[in-house]
Structure formats: structure tokens, C-alpha cells
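Listing of input.cif, mmCIF, C-alpha atoms
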data_work
loop_
_atom_site.label_atom_id
_atom_site.label_comp_id
_atom_site.auth_asym_id
_atom_site.auth_seq_id
_atom_site.Cartn_x
_atom_site.Cartn_y
_atom_site.Cartn_z
CA MET A 1 0.00 0.00 0.00
CA THR A 2 2.86 2.36 0.78
CA GLY A 3 4.31 1.89 -2.69
CA ASP A 4 0.89 2.51 -4.28
CA ARG A 5 0.46 5.67 -2.24
CA HIS A 6 3.83 7.01 -3.36
CA PHE A 7 3.00 6.20 -6.98
CA TYR A 8 -0.30 8.07 -6.95
CA VAL A 9 1.15 11.12 -5.21
CA GLU A 10 4.04 11.34 -7.66
CA ARG A 11 1.88 10.61 -10.72
CA PHE A 12 -1.24 12.66 -10.00
CA GLY A 13 -0.25 15.03 -7.16
CA THR A 14 -3.70 15.09 -5.59
CA VAL A 15 -6.25 12.31 -5.31
CA ARG A 16 -9.77 13.72 -4.92
CA LEU A 17 -12.26 11.73 -2.86
CA SER A 18 -16.00 12.09 -2.48
CA SER A 19 -17.14 12.93 1.04
CA TYR A 20 -19.92 10.35 0.75
CA ARG A 21 -19.85 8.09 3.82
CA ILE A 22 -16.88 10.02 5.21
CA GLU A 23 -17.36 11.93 8.46
CA GLN A 24 -15.81 15.34 8.86
CA SER A 25 -14.95 16.41 12.38
CA PRO A 26 -17.37 18.75 14.20
CA PHE A 27 -14.22 20.66 15.21
CA ALA A 28 -13.03 21.10 11.62
CA ASP A 29 -14.03 24.75 11.33
CA ARG A 30 -11.57 25.53 14.10
CA TYR A 31 -8.46 24.44 12.20
CA VAL A 32 -9.04 23.39 8.58
CA THR A 33 -7.40 25.48 5.85
CA ASP A 34 -6.52 24.81 2.23
CA ARG A 35 -3.16 23.49 3.52
CA THR A 36 -4.65 20.79 5.78
CA VAL A 37 -3.79 17.22 4.79
CA PHE A 38 -6.28 14.63 5.99
CA GLY A 39 -6.05 10.97 6.88
CA LEU A 40 -9.00 8.58 6.97
CA TYR A 41 -9.62 6.27 9.93
CA CYS A 42 -12.85 4.62 11.06
CA GLY A 43 -14.55 6.42 8.17
CA ARG A 44 -13.53 9.74 9.75
CA LEU A 45 -11.25 12.48 8.49
CA TYR A 46 -8.52 13.71 10.79
CA PRO A 47 -5.64 16.17 10.29
CA LEU A 48 -2.34 14.55 9.37
CA LYS A 49 -0.73 17.92 8.68
CA THR A 50 -1.97 21.45 9.14
CA ALA A 51 0.62 23.18 6.91
CA ARG A 52 3.10 22.26 4.21
CA ASP A 53 5.99 23.50 6.36
CA GLU A 54 4.78 21.86 9.57
CA ASP A 55 7.62 20.63 11.77
CA PRO A 56 6.55 17.42 13.53
CA VAL A 57 9.76 17.35 15.58
CA ALA A 58 9.04 20.75 17.15
CA SER A 59 5.51 19.57 18.01
CA TYR A 60 6.96 16.31 19.31
CA TRP A 61 9.03 18.17 21.89
CA LYS A 62 6.04 20.31 22.90
CA LEU A 63 4.20 17.04 23.52
CA ARG A 64 7.07 15.57 25.53
CA ARG A 65 7.70 18.69 27.63
CA GLY A 66 4.32 20.43 27.79
CA VAL A 67 0.89 19.67 26.37
CA LEU A 68 -0.87 19.40 23.02
CA MET A 69 -4.49 18.87 21.96
CA TYR A 70 -5.44 16.49 19.15
CA ASP A 71 -8.64 15.92 17.20
CA VAL A 72 -8.56 12.13 16.78
CA PRO A 73 -10.76 9.80 14.68
CA GLU A 74 -11.09 6.84 17.05
CA LYS A 75 -14.71 5.68 17.24
CA PRO A 76 -16.55 4.63 20.41
CA LEU A 77 -19.44 2.16 20.26
CA GLU A 78 -22.01 1.95 23.04
CA ILE A 79 -23.06 -1.46 24.38
CA ILE A 80 -25.96 -1.08 26.79
CA GLY A 81 -28.51 -3.38 28.40
CA PRO A 82 -28.87 -6.20 30.93
CA ASP A 83 -26.83 -8.57 28.73
CA ALA A 84 -24.04 -6.12 27.88
CA VAL A 85 -21.51 -8.06 29.96
CA THR A 86 -22.59 -11.37 28.39
CA LEU A 87 -22.01 -10.01 24.89
CA LEU A 88 -18.67 -8.44 25.71
CA GLU A 89 -17.41 -11.56 27.51
CA ARG A 90 -18.31 -13.48 24.36
CA VAL A 91 -16.39 -11.30 21.92
CA LEU A 92 -13.39 -10.06 23.96
CA THR A 93 -10.40 -12.01 25.27
CA CYS A 94 -10.22 -9.95 28.49
CA ARG A 95 -12.46 -10.25 31.54
CA VAL A 96 -15.37 -7.82 31.48
CA GLU A 97 -17.40 -8.61 34.59
CA THR A 98 -14.53 -7.52 36.87
CA LEU A 99 -14.27 -4.06 35.27
CA PRO A 100 -15.63 -1.51 37.77
CA VAL A 101 -17.56 1.61 36.82
CA GLY A 102 -15.05 4.35 36.07
CA ARG A 103 -12.33 2.06 34.77
CA ALA A 104 -10.95 1.25 31.33
CA ARG A 105 -9.32 -1.91 30.03
CA TYR A 106 -7.57 -2.90 26.80
CA GLY A 107 -9.63 -5.49 24.95
CA ILE A 108 -8.94 -7.70 21.93
CA ALA A 109 -11.59 -9.41 19.80
CA CYS A 110 -10.54 -12.50 17.85
CA ASN A 111 -11.88 -14.50 14.93
CA ASP A 112 -12.75 -18.16 15.37
CA ASP A 113 -9.23 -19.09 14.23
CA GLY A 114 -7.64 -16.96 16.97
CA THR A 115 -6.42 -14.15 14.72
CA VAL A 116 -7.00 -10.57 15.85
CA LEU A 117 -10.18 -9.01 14.47
CA MET A 118 -10.26 -5.80 16.49
CA ASP A 119 -8.59 -4.10 19.43
CA GLY A 120 -9.59 -1.13 21.52
CA VAL A 121 -10.28 0.24 24.96
CA LEU A 122 -13.33 -0.91 26.91
CA MET A 123 -14.79 1.51 29.48
CA CYS A 124 -17.55 1.02 32.02
CA LEU A 125 -19.69 4.18 32.19
CA GLY A 126 -22.37 2.75 34.46
CA ARG A 127 -24.36 -0.33 35.33
CA ASP A 128 -24.93 -2.25 32.08
CA ARG A 129 -23.41 0.61 30.04
CA TYR A 130 -20.08 0.22 28.25
CA TRP A 131 -18.20 2.04 25.53
CA TYR A 132 -15.73 0.18 23.33
CA VAL A 133 -13.35 2.60 21.60
CA LYS A 134 -12.41 0.58 18.58
CA ALA A 135 -9.59 0.72 16.08
CA ASN A 136 -10.01 1.12 12.32
CA GLY A 137 -12.34 -1.34 10.63
CA GLU A 138 -15.86 -2.69 10.82
CA PHE A 139 -16.95 -4.05 14.19
CA THR A 140 -20.55 -2.95 14.72
CA SER A 141 -21.96 -5.76 12.59
CA TRP A 142 -19.82 -8.31 14.43
CA LEU A 143 -21.18 -7.16 17.79
CA LYS A 144 -24.76 -7.13 16.56
CA ALA A 145 -24.45 -10.59 15.00
CA HIS A 146 -23.24 -12.05 18.28
CA SER A 147 -25.91 -10.21 20.29
CA MET A 148 -28.74 -12.26 18.80
CA GLY A 149 -31.02 -13.50 21.57
CA LEU A 150 -29.51 -11.13 24.14
CA ASP A 151 -31.11 -8.14 25.81
CA VAL A 152 -28.51 -5.64 24.67
CA GLU A 153 -28.26 -2.76 22.20
CA VAL A 154 -25.20 -1.78 20.15
CA THR A 155 -25.27 1.84 18.97
CA ASP A 156 -23.06 4.58 17.60
CA PRO A 157 -23.11 7.54 20.03
CA TYR A 158 -21.48 9.75 17.36
CA SER A 159 -18.78 10.73 19.79
CA ARG A 160 -15.79 12.64 18.50
CA VAL A 161 -12.78 12.39 20.78
CA LEU A 162 -10.27 15.05 21.80
CA GLN A 163 -6.96 13.93 23.23
CA ILE A 164 -4.98 16.26 25.51
CA GLN A 165 -1.54 14.76 25.94
CA GLY A 166 1.72 15.62 27.65
CA PRO A 167 3.11 16.22 31.17
CA LYS A 168 0.81 19.23 31.69
CA SER A 169 -2.37 17.56 30.42
CA LEU A 170 -3.79 16.98 33.90
CA HIS A 171 -3.19 20.64 34.75
CA VAL A 172 -5.37 21.54 31.77
CA LEU A 173 -8.10 19.13 32.88
CA ASP A 174 -7.96 20.50 36.42
CA ALA A 175 -8.44 24.01 35.06
CA ALA A 176 -11.24 22.88 32.74
CA ILE A 177 -13.24 21.37 35.62
CA GLY A 178 -12.68 24.35 37.88
CA GLY A 179 -10.10 22.68 40.12
CA GLY A 180 -10.26 19.73 42.46
CA LEU A 181 -9.12 16.96 40.13
CA PRO A 182 -8.79 14.00 42.50
CA VAL A 183 -5.44 12.32 43.10
CA ALA A 184 -7.29 9.02 42.61
CA PHE A 185 -7.78 9.81 38.90
CA LYS A 186 -5.09 7.40 37.73
CA TYR A 187 -3.99 5.75 34.50
CA PHE A 188 -6.88 3.88 32.82
CA HIS A 189 -9.37 5.51 35.20
CA ALA A 190 -12.33 7.40 33.79
CA GLY A 191 -15.37 9.37 34.90
CA PHE A 192 -17.91 12.08 34.20
CA PHE A 193 -16.69 15.64 34.72
CA ASP A 194 -18.15 19.07 34.11
CA VAL A 195 -15.62 20.07 31.45
CA CYS A 196 -15.91 23.79 30.76
CA GLY A 197 -19.56 23.58 31.81
CA GLN A 198 -20.44 20.49 29.74
CA ARG A 199 -20.97 17.08 31.37
CA LEU A 200 -18.61 14.69 29.56
CA TRP A 201 -16.83 11.38 30.01
CA VAL A 202 -13.05 11.70 30.42
CA SER A 203 -10.50 8.88 30.53
CA ARG A 204 -6.80 8.83 31.45
CA THR A 205 -5.76 7.17 28.22
CA GLY A 206 -4.19 8.19 24.93
CA TRP A 207 -2.07 7.27 21.96
CA THR A 208 1.24 8.89 22.91
CA GLY A 209 2.76 7.02 25.86
CA GLU A 210 2.68 10.28 27.83
CA VAL A 211 0.39 11.46 30.62
CA GLY A 212 -2.86 12.21 28.85
CA ILE A 213 -6.62 12.35 28.81
CA GLU A 214 -9.34 11.73 26.27
CA ILE A 215 -12.59 13.71 26.26
CA TYR A 216 -15.62 12.00 24.73
CA CYS A 217 -18.22 14.23 23.13
CA ASN A 218 -21.92 13.26 23.27
CA SER A 219 -21.25 11.08 26.31
CA GLY A 220 -23.24 13.18 28.76
CA PRO A 221 -26.96 13.89 29.07
CA GLU A 222 -26.94 16.71 26.48
CA PRO A 223 -25.50 16.96 22.94
CA THR A 224 -22.04 18.50 23.02
CA ASP A 225 -21.51 22.08 21.88
CA HIS A 226 -18.33 21.22 19.99
CA SER A 227 -17.20 24.71 19.00
CA THR A 228 -17.64 26.09 22.50
CA LEU A 229 -15.83 23.11 24.01
CA TRP A 230 -12.88 23.59 21.64
CA ASP A 231 -12.56 27.29 22.40
CA ASP A 232 -12.96 26.82 26.15
CA LEU A 233 -10.37 24.04 26.33
CA LEU A 234 -7.78 26.11 24.46
CA GLU A 235 -8.47 29.00 26.83
CA CYS A 236 -7.97 26.70 29.85
CA GLY A 237 -4.79 25.35 28.32
CA GLU A 238 -3.28 28.71 27.39
CA PRO A 239 -1.49 29.24 30.75
CA PHE A 240 0.22 25.87 30.21
CA GLY A 241 1.21 26.56 26.61
CA MET A 242 -1.29 24.12 25.11
CA GLU A 243 -1.66 24.21 21.35
CA PHE A 244 -3.58 22.22 18.78
CA SER A 245 -1.49 19.74 16.80
CA SER A 246 -2.03 17.49 13.83
CA ALA A 247 -1.35 13.78 14.13
CA SER A 248 2.22 14.15 12.84
CA SER A 249 3.77 14.53 16.30
CA MET A 250 1.50 11.87 17.77
CA GLY A 251 2.60 9.43 15.05
CA VAL A 252 6.26 9.76 16.02
CA ARG A 253 5.55 9.38 19.71
CA ARG A 254 3.20 6.39 19.42
CA ILE A 255 5.92 4.40 17.64
CA GLU A 256 8.45 5.23 20.35
CA ALA A 257 5.79 4.15 22.88
CA GLY A 258 5.27 0.80 21.15
CA ILE A 259 1.55 1.40 20.51
CA LEU A 260 0.26 -0.92 17.79
CA ASP A 261 -2.28 -0.11 15.08
CA ASN A 262 -4.73 -2.88 14.27
CA GLY A 263 -4.77 -3.95 10.62
CA THR A 264 -1.38 -2.44 9.82
CA ASP A 265 1.00 -3.37 12.66
CA ILE A 266 -1.28 -6.14 13.91
CA GLU A 267 -1.70 -7.77 10.53
CA PRO A 268 -4.86 -9.83 9.90
CA ASP A 269 -3.11 -13.20 10.16
CA LEU A 270 -1.55 -12.50 13.57
CA THR A 271 -2.84 -13.94 16.81
CA PRO A 272 -2.43 -11.90 19.99
CA PHE A 273 0.57 -14.10 20.81
CA GLY A 274 2.22 -13.37 17.46
CA ALA A 275 1.64 -9.64 18.02
CA GLY A 276 3.25 -9.80 21.46
CA LEU A 277 -0.10 -9.21 23.20
CA GLY A 278 -0.55 -12.61 24.82
CA GLN A 279 -0.84 -11.03 28.28
CA PHE A 280 -4.25 -9.68 27.24
CA VAL A 281 -5.68 -13.14 26.53
CA ARG A 282 -7.43 -14.75 29.51
CA LEU A 283 -7.51 -18.40 28.57
CA ASP A 284 -8.96 -19.14 32.02
CA LYS A 285 -12.14 -17.39 30.80
CA ALA A 286 -14.50 -19.83 29.11
CA GLY A 287 -16.56 -19.26 26.01
CA PHE A 288 -14.99 -16.32 24.18
CA ILE A 289 -14.65 -16.45 20.40
CA GLY A 290 -11.29 -17.87 19.34
CA ARG A 291 -10.47 -19.44 22.70
CA GLY A 292 -10.19 -22.97 21.33
CA ALA A 293 -7.80 -21.91 18.59
CA LEU A 294 -5.72 -19.80 20.98
CA GLN A 295 -5.34 -22.71 23.40
CA ASP A 296 -3.55 -24.65 20.65
CA ALA A 297 -1.84 -21.67 19.00
CA ASP A 298 1.89 -21.12 18.66
CA ARG A 299 2.82 -18.78 21.52
CA ARG A 300 5.99 -17.44 19.86
CA GLN A 301 6.14 -13.76 19.00
CA LEU A 302 6.44 -12.47 15.41
CA LEU A 303 6.15 -8.69 15.86
CA TYR A 304 9.06 -6.82 17.43
CA GLY A 305 10.76 -3.45 17.58
CA LEU A 306 13.65 -2.57 15.29
CA LEU A 307 16.48 -0.10 16.01
CA CYS A 308 18.50 1.25 13.09
CA PRO A 309 21.08 4.00 13.70
CA THR A 310 21.64 4.81 10.00
CA ALA A 311 18.10 4.92 8.56
CA ALA A 312 14.48 5.47 9.52
CA PRO A 313 12.47 2.30 8.85
CA ASP A 314 9.42 2.77 6.63
CA ALA A 315 6.37 0.61 6.00
CA GLY A 316 7.06 -2.14 3.50
CA MET A 317 10.86 -2.16 3.76
CA GLU A 318 12.30 -5.65 3.64
CA VAL A 319 14.28 -7.17 6.49
CA SER A 320 16.76 -9.96 5.84
CA ALA A 321 19.05 -12.23 7.80
CA GLY A 322 21.38 -15.01 6.72
CA ASN A 323 20.49 -16.08 3.21
CA GLY A 324 17.29 -14.19 2.57
CA ARG A 325 14.24 -12.19 3.49
CA VAL A 326 12.83 -12.87 6.95
CA GLY A 327 10.31 -10.09 7.43
CA HIS A 328 9.16 -6.55 6.69
CA VAL A 329 8.60 -3.25 8.44
CA THR A 330 5.01 -2.28 9.26
CA ILE A 331 5.74 1.30 10.42
CA GLY A 332 8.76 3.37 11.33
CA THR A 333 10.17 6.81 12.01
CA TRP A 334 13.23 8.66 13.30
CA SER A 335 13.21 8.92 17.09
CA PRO A 336 14.14 12.43 18.28
CA ALA A 337 14.64 11.09 21.82
CA LEU A 338 16.92 8.19 20.90
CA GLU A 339 18.42 9.80 17.78
CA THR A 340 18.04 6.59 15.83
CA GLY A 341 15.58 4.98 13.46
CA VAL A 342 12.84 2.95 15.14
CA GLY A 343 10.10 0.78 13.72
CA TYR A 344 8.16 -2.46 13.98
CA VAL A 345 9.31 -5.57 12.18
CA ARG A 346 6.95 -8.42 11.34
CA PHE A 347 8.81 -11.69 10.92
CA ALA A 348 7.44 -14.31 8.57
CA ARG A 349 8.12 -17.15 11.01
CA PRO A 350 9.66 -17.76 14.43
CA LEU A 351 13.41 -18.18 14.62
CA PRO A 352 13.96 -21.95 14.92
CA GLY A 353 15.18 -22.90 18.37
CA ASP A 354 15.62 -19.31 19.48
CA ASP A 355 14.03 -15.87 19.73
CA TRP A 356 14.47 -12.91 17.37
CA LEU A 357 15.05 -10.55 20.27
CA GLY A 358 18.54 -9.01 20.24
CA LYS A 359 19.44 -10.40 16.82
CA THR A 360 21.14 -8.27 14.15
CA VAL A 361 19.30 -8.11 10.82
CA LEU A 362 19.57 -6.07 7.64
CA LEU A 363 17.08 -3.34 6.77
CA HIS A 364 16.85 -2.57 3.04
CA ASP A 365 15.84 1.01 2.24
CA ARG A 366 14.08 2.40 -0.85
CA HIS A 367 17.39 2.99 -2.61
CA GLY A 368 18.58 -0.59 -2.22
CA VAL A 369 21.04 0.26 0.55
CA SER A 370 21.31 -2.20 3.43
CA HIS A 371 21.53 -1.05 7.06
CA GLU A 372 22.33 -3.07 10.14
CA ALA A 373 19.48 -3.07 12.65
CA THR A 374 18.83 -4.68 16.03
CA VAL A 375 15.64 -6.45 17.08
CA ASP A 376 14.34 -4.88 20.29
CA THR A 377 11.45 -5.05 22.73
CA LEU A 378 8.62 -2.52 22.73
CA PRO A 379 8.35 0.23 23.77
CA PHE A 380 11.56 1.92 22.69
CA VAL A 381 11.21 4.87 25.09
CA ASP A 382 10.09 4.46 28.72
CA LYS A 383 10.47 0.67 28.78
CA GLU A 384 8.60 0.32 32.08
CA LYS A 385 5.74 2.61 30.91
CA ARG A 386 6.02 4.90 33.91
CA LEU A 387 5.29 8.16 32.09
CA PRO A 388 1.52 7.72 31.53
CA ARG A 389 1.14 6.45 35.11
CA ALA A 390 2.37 9.65 36.73
CA VAL A 391 0.35 10.53 39.83
CA TRP A 392 -1.57 13.80 39.68
CA GLY A 393 -0.30 16.28 42.25
CA ALA A 394 2.84 14.29 43.09
#
Could I get this file's structure written as C-alpha cells?
Amino acid sequence: MTGDRHFYVERFGTVRLSSYRIEQSPFADRYVTDRTVFGLYCGRLYPLKTARDEDPVASYWKLRRGVLMYDVPEKPLEIIGPDAVTLLERVLTCRVETLPVGRARYGIACNDDGTVLMDGVLMCLGRDRYWYVKANGEFTSWLKAHSMGLDVEVTDPYSRVLQIQGPKSLHVLDAAIGGGLPVAFKYFHAGFFDVCGQRLWVSRTGWTGEVGIEIYCNSGPEPTDHSTLWDDLLECGEPFGMEFSSASSMGVRRIEAGILDNGTDIEPDLTPFGAGLGQFVRLDKAGFIGRGALQDADRRQLLYGLLCPTAAPDAGMEVSAGNGRVGHVTIGTWSPALETGVGYVRFARPLPGDDWLGKTVLLHDRHGVSHEATVDTLPFVDKEKRLPRAVWGA
């Protein structure tokens, strides 16, 4: 796909798309210009770049040292009703019944053969009310098909999500709610807050590996006034230097943080074990889709990190070892923090009798030049994932 994209851009310059069945953001009038470059995710447009001369590295350091706000395309689905837990236990590999109100949990959905169908964050908003913030791809029909005979409803709440990320993000939230943000609001906690006068669901999650929050529009009792919320949040964030950013800086940081994208990094033929996500599969939970296949599945990992000091890995680049090709890069970038190229490598098969971790391989760039690279664990930065767990007020 990467090669096709490059071909079309070089050959035609601009590819025009119809807006039919594509959702524009309700915040678009606050930032879109004729220089905005959009991506498409979950059928939603989102800003990849806001200007031709945008510097993602400068925004990256603002994210790492301060705070940025992002308009993101992730799509929540609402699962509500007396049998909501029954449905979710059936389709997800994690435990659902133990998730308290006001908590979030990473959840994977598998096909019957144990391969990953969808991943996302499950949140409990109230008794028999859950939101599943899904990755790119169709999942509503899957949920509805497996809800037959159950007293449960699967709906689209039409919630657009704002992410506020960076070390000062909780300061912005505290200002937006008028002070008093509780110390108990920890990583993967969530709750309803009066955000700039609008009752909204807020979670301590994000796609950057930094301290961060996500604000879910249309989650409260009244429809969200999107334009007012945008303006009010930027006003609350002004004392802390908060700015709006496109996804360019987030893209760099999410790779450093080892965050995987379903369908691209987690390729359709990977099981959670192959993707290095086996810890999120509860085989002691009976009855979930794919459990039988996962019990007998190969537990060896196929997706790893890749460090290359002389080149930035890019999607589709080949990786070789010994006498031939052994894998390919799914995504990559140059890490400003580590000053080296980082990316994810998908190996075609396990290394016989050993593990790929720590091995030296060759990365082949677009010009046919080979670069030595080292197979590494994820994440690349903040290996123990302490940054997003920072305690408010500490």
C-alpha cells in the first residue's frame, strides 16, 4: 500500500475523494485550511498535517515537555442493556465482569481461528453501560451478529474524541473542571466531569505514551456544543502553553511508545501471541470467540521493535538475515529522543530454536542500501511505561 500511495502522489499530485460516507470532524471549522492534509480512519477524516511547512519534531518536543491537543478519529461504540456483559465476555479475550464503573481496560476481539479481528479500549460508564473505543475497521456488525437473543443494544453515540496529551495535560483538565481533580484519577481511570460547563466522560488514556486524557463528546446527558468546548479548552490550556497539533507529532511518539495499530502493525493473520499481546488473553475465561484456537496456538512472537542508527524504517521495507528475506517493516520513524531509526518488524516465522530478540538483521531502504538493525522489545522509550502512570499532584 505504501508503494501505491507514493506512486499516486508522484503521478497525480492530488487524489480527490468524495465525502460520501466520510465523516468530517465537528471541530473542523476551528483548524481546517486549504493546507490541511487529511487521513481517513474509522470512516472519519482527521488532520495529518496542518501546513506544508509543519515541523513534527518541534511539536513532538512540545508534547514531551508540555501539552498538546489532538482531534482524533477513534470511534466509540455503546453497548448497553442487561446482557451487555454477556455479549462483551463473548467477543473479547479480556475479563469484562470484573471491570468496575469508572475504569478502562484494553480489549482484543478474535476470529474463530484466533487471529485478531479488532482491538480497543473498553470503558464502564455505568451499570450495564459500556463504551468500546475501537480501532479502524468494521466491528458494529460483528457485535450485533453475536448479540442475537440477548437483551442488549449496540449503537453509535457519534462521539468525536479530543486527546490532551503531555506532562501538563492533567493541569489543563484540572483548570477545565474548575479545580479539584482527585489524586485518585489514575492511569486507565475514567469518569464524568463538568468540562468547561459540559458534562462529559473523560479517561486517562491516549495514543502517545505520555500522561494524557481523552474527552468523549456526546457522552453526557446533552449533545455536546463542539465549537464552545474547543474554544474553552484552548483557553484553559493557554497558561500551560497548550496548542492544537495534527497527528504528525502523535505518530512519532506512538511508535516510540510501542503502541500498535490494528490492521497495519497487527496484521490480519496475527494472533495476539504473534503480536506480542498474549498477556491480554485470559484463557482461564471460558466461552470467548477464538479461545479454542488460541489454546492450541503457537505462543511465539512475530512482531518486534527494530532499532536502526543509520536509517528510519518505513512501511514495506524488507528485512533480511542469513540467506534471505525474513520479514518486513510495518511502520517506522526517526526517534528524536533516541536519535536513531525505530520501527516495527513483522517476521514471517519464528526463529527456529531461538528468539528474534537481540538479533542483528539487515534493513533494506528504498534505494537498495542495506543497514544493520537490532531487534528490540517494545516500547523503545520508557520501557517500564512509567510516564503515563504519573500521579496527579505528586
| With only C-alpha atoms as the basis for distance, which of A:Val361, A:Leu303, A:Cys308, A:Ala104 is at the shortest distance from Ser320 in chain A? | A:Val361
| request: Would you kindly translate the PyMOL selection byres ((chain A and resi 202) around 8) into the concrete residues it picks from this file, as a PyMOL selection string? | output: chain A and resi 190-193+200-201+203-204+213-216
Dump C-alpha atoms for the selected residues as a PDB file, in the frame of the given file?
ATOM      1  CA  ALA A 190     -12.330   7.400  33.790  1.00  0.00           C
ATOM      2  CA  GLY A 191     -15.370   9.370  34.900  1.00  0.00           C
ATOM      3  CA  PHE A 192     -17.910  12.080  34.200  1.00  0.00           C
ATOM      4  CA  PHE A 193     -16.690  15.640  34.720  1.00  0.00           C
ATOM      5  CA  LEU A 200     -18.610  14.690  29.560  1.00  0.00           C
ATOM      6  CA  TRP A 201     -16.830  11.380  30.010  1.00  0.00           C
ATOM      7  CA  SER A 203     -10.500   8.880  30.530  1.00  0.00           C
ATOM      8  CA  ARG A 204      -6.800   8.830  31.450  1.00  0.00           C
ATOM      9  CA  ILE A 213      -6.620  12.350  28.810  1.00  0.00           C
ATOM     10  CA  GLU A 214      -9.340  11.730  26.270  1.00  0.00           C
ATOM     11  CA  ILE A 215     -12.590  13.710  26.260  1.00  0.00           C
ATOM     12  CA  TYR A 216     -15.620  12.000  24.730  1.00  0.00           C
TER      13      TYR A 216
END
| request: Name every residue that the PyMOL selection byres ((chain A and resi 161) around 7) selects in this structure, writing the answer as a PyMOL selection string with chains first and numbers rising. | output: chain A and resi 71-74+159-160+162-163+214-217
| request: Quote the spacing between CA of Arg366 in chain A and CA of Glu267 in chain A in Å to one decimal place. | output: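 Value for the CA of Arg366 in chain A-CA of Glu267 in chain A distance: 22.0 Å.
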| said: Can you spell out as a ChimeraX atom specification the set of residues that the PyMOL selection byres ((chain A and resi 51) around 9) selects in the structure I just provided? | reply: /A:33-37,49-50,52-55
Quick one: write out the picked residues with C-alpha atoms as a PDB file, in the frame of the given file?
ATOM      1  CA  THR A  33      -7.400  25.480   5.850  1.00  0.00           C
ATOM      2  CA  ASP A  34      -6.520  24.810   2.230  1.00  0.00           C
ATOM      3  CA  ARG A  35      -3.160  23.490   3.520  1.00  0.00           C
ATOM      4  CA  THR A  36      -4.650  20.790   5.780  1.00  0.00           C
ATOM      5  CA  VAL A  37      -3.790  17.220   4.790  1.00  0.00           C
ATOM      6  CA  LYS A  49      -0.730  17.920   8.680  1.00  0.00           C
ATOM      7  CA  THR A  50      -1.970  21.450   9.140  1.00  0.00           C
ATOM      8  CA  ARG A  52       3.100  22.260   4.210  1.00  0.00           C
ATOM      9  CA  ASP A  53       5.990  23.500   6.360  1.00  0.00           C
ATOM     10  CA  GLU A  54       4.780  21.860   9.570  1.00  0.00           C
ATOM     11  CA  ASP A  55       7.620  20.630  11.770  1.00  0.00           C
TER      12      ASP A  55
END
| Hey, what's within 9 Å of Arg291 in chain A if we count all atoms listed in the file and toss same-chain stuff fewer than 6 positions away? As number ranges by chain, please? | A: 93, 110, 112-114, 281-283, 285
Selection above as a file: C-alpha atoms, as a short mmCIF file (atom, residue, chain, number, x, y, z; two decimals), keeping the file's coordinate frame:
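What landed in again_9.cif:
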data_model
loop_
_atom_site.label_atom_id
_atom_site.label_comp_id
_atom_site.auth_asym_id
_atom_site.auth_seq_id
_atom_site.Cartn_x
_atom_site.Cartn_y
_atom_site.Cartn_z
CA THR A 93 -10.40 -12.01 25.27
CA CYS A 110 -10.54 -12.50 17.85
CA ASP A 112 -12.75 -18.16 15.37
CA ASP A 113 -9.23 -19.09 14.23
CA GLY A 114 -7.64 -16.96 16.97
CA VAL A 281 -5.68 -13.14 26.53
CA ARG A 282 -7.43 -14.75 29.51
CA LEU A 283 -7.51 -18.40 28.57
CA LYS A 285 -12.14 -17.39 30.80
#
| task | Using only C-alpha atoms, determine which residues lie at most 12 Å from Phe244 in chain A, disregarding the query and same-chain residues fewer than 3 positions distant; provide the list as a VMD selection string. | result | chain A and resid 27 to 28 30 to 32 47 49 to 50 59 62 to 63 67 to 72 162 to 165 230 to 231 233 to 235 237 to 238 241 247 to 250
| query | Looking at A:Gly220, A:Gly287, A:Gly358, A:Gly274, which one is nearest to Leu88 in chain A, with distances taken over all atoms listed in the file? | reply |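 Using all atoms listed in the file, Leu88 in chain A sits closest to A:Gly287.
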| task | Check the smallest atom-to-atom distance from each of A:Leu229, A:Leu48, A:Val133, A:Ala337 to Pro157 in chain A using only C-alpha atoms, then report the winner. | result | A:Val133
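By chain and then residue number, the residues within 9 Å of Arg300 in chain A are Phe273, Gly274, Gly276, Pro350 and Asp355 of chain A, counting all atoms listed in the file and disregarding those fewer than 6 positions away in sequence.
Reported to one decimal place, the separation of CA of Ile22 in chain A from CA of Thr264 in chain A is 20.4 Å.
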| task | Find the residues with any atom within 6 Å of (18.3, 0.0, 17.0); use only C-alpha atoms and the coordinates as given in the file, and write the answer as an MDAnalysis selection string. | result | chainID A and resid 306:309 373:374
First collect every listed atom of range 21-40 of chain A; then fit an axis-aligned box around them, widen it by 6 Å on each side, and give centre and edge lengths in Å to one decimal, as lines of an AutoDock Vina configuration file.
center_x = -11.5
center_y = 16.8
center_z = 8.7
size_x = 28.7
size_y = 29.4
size_z = 25.0
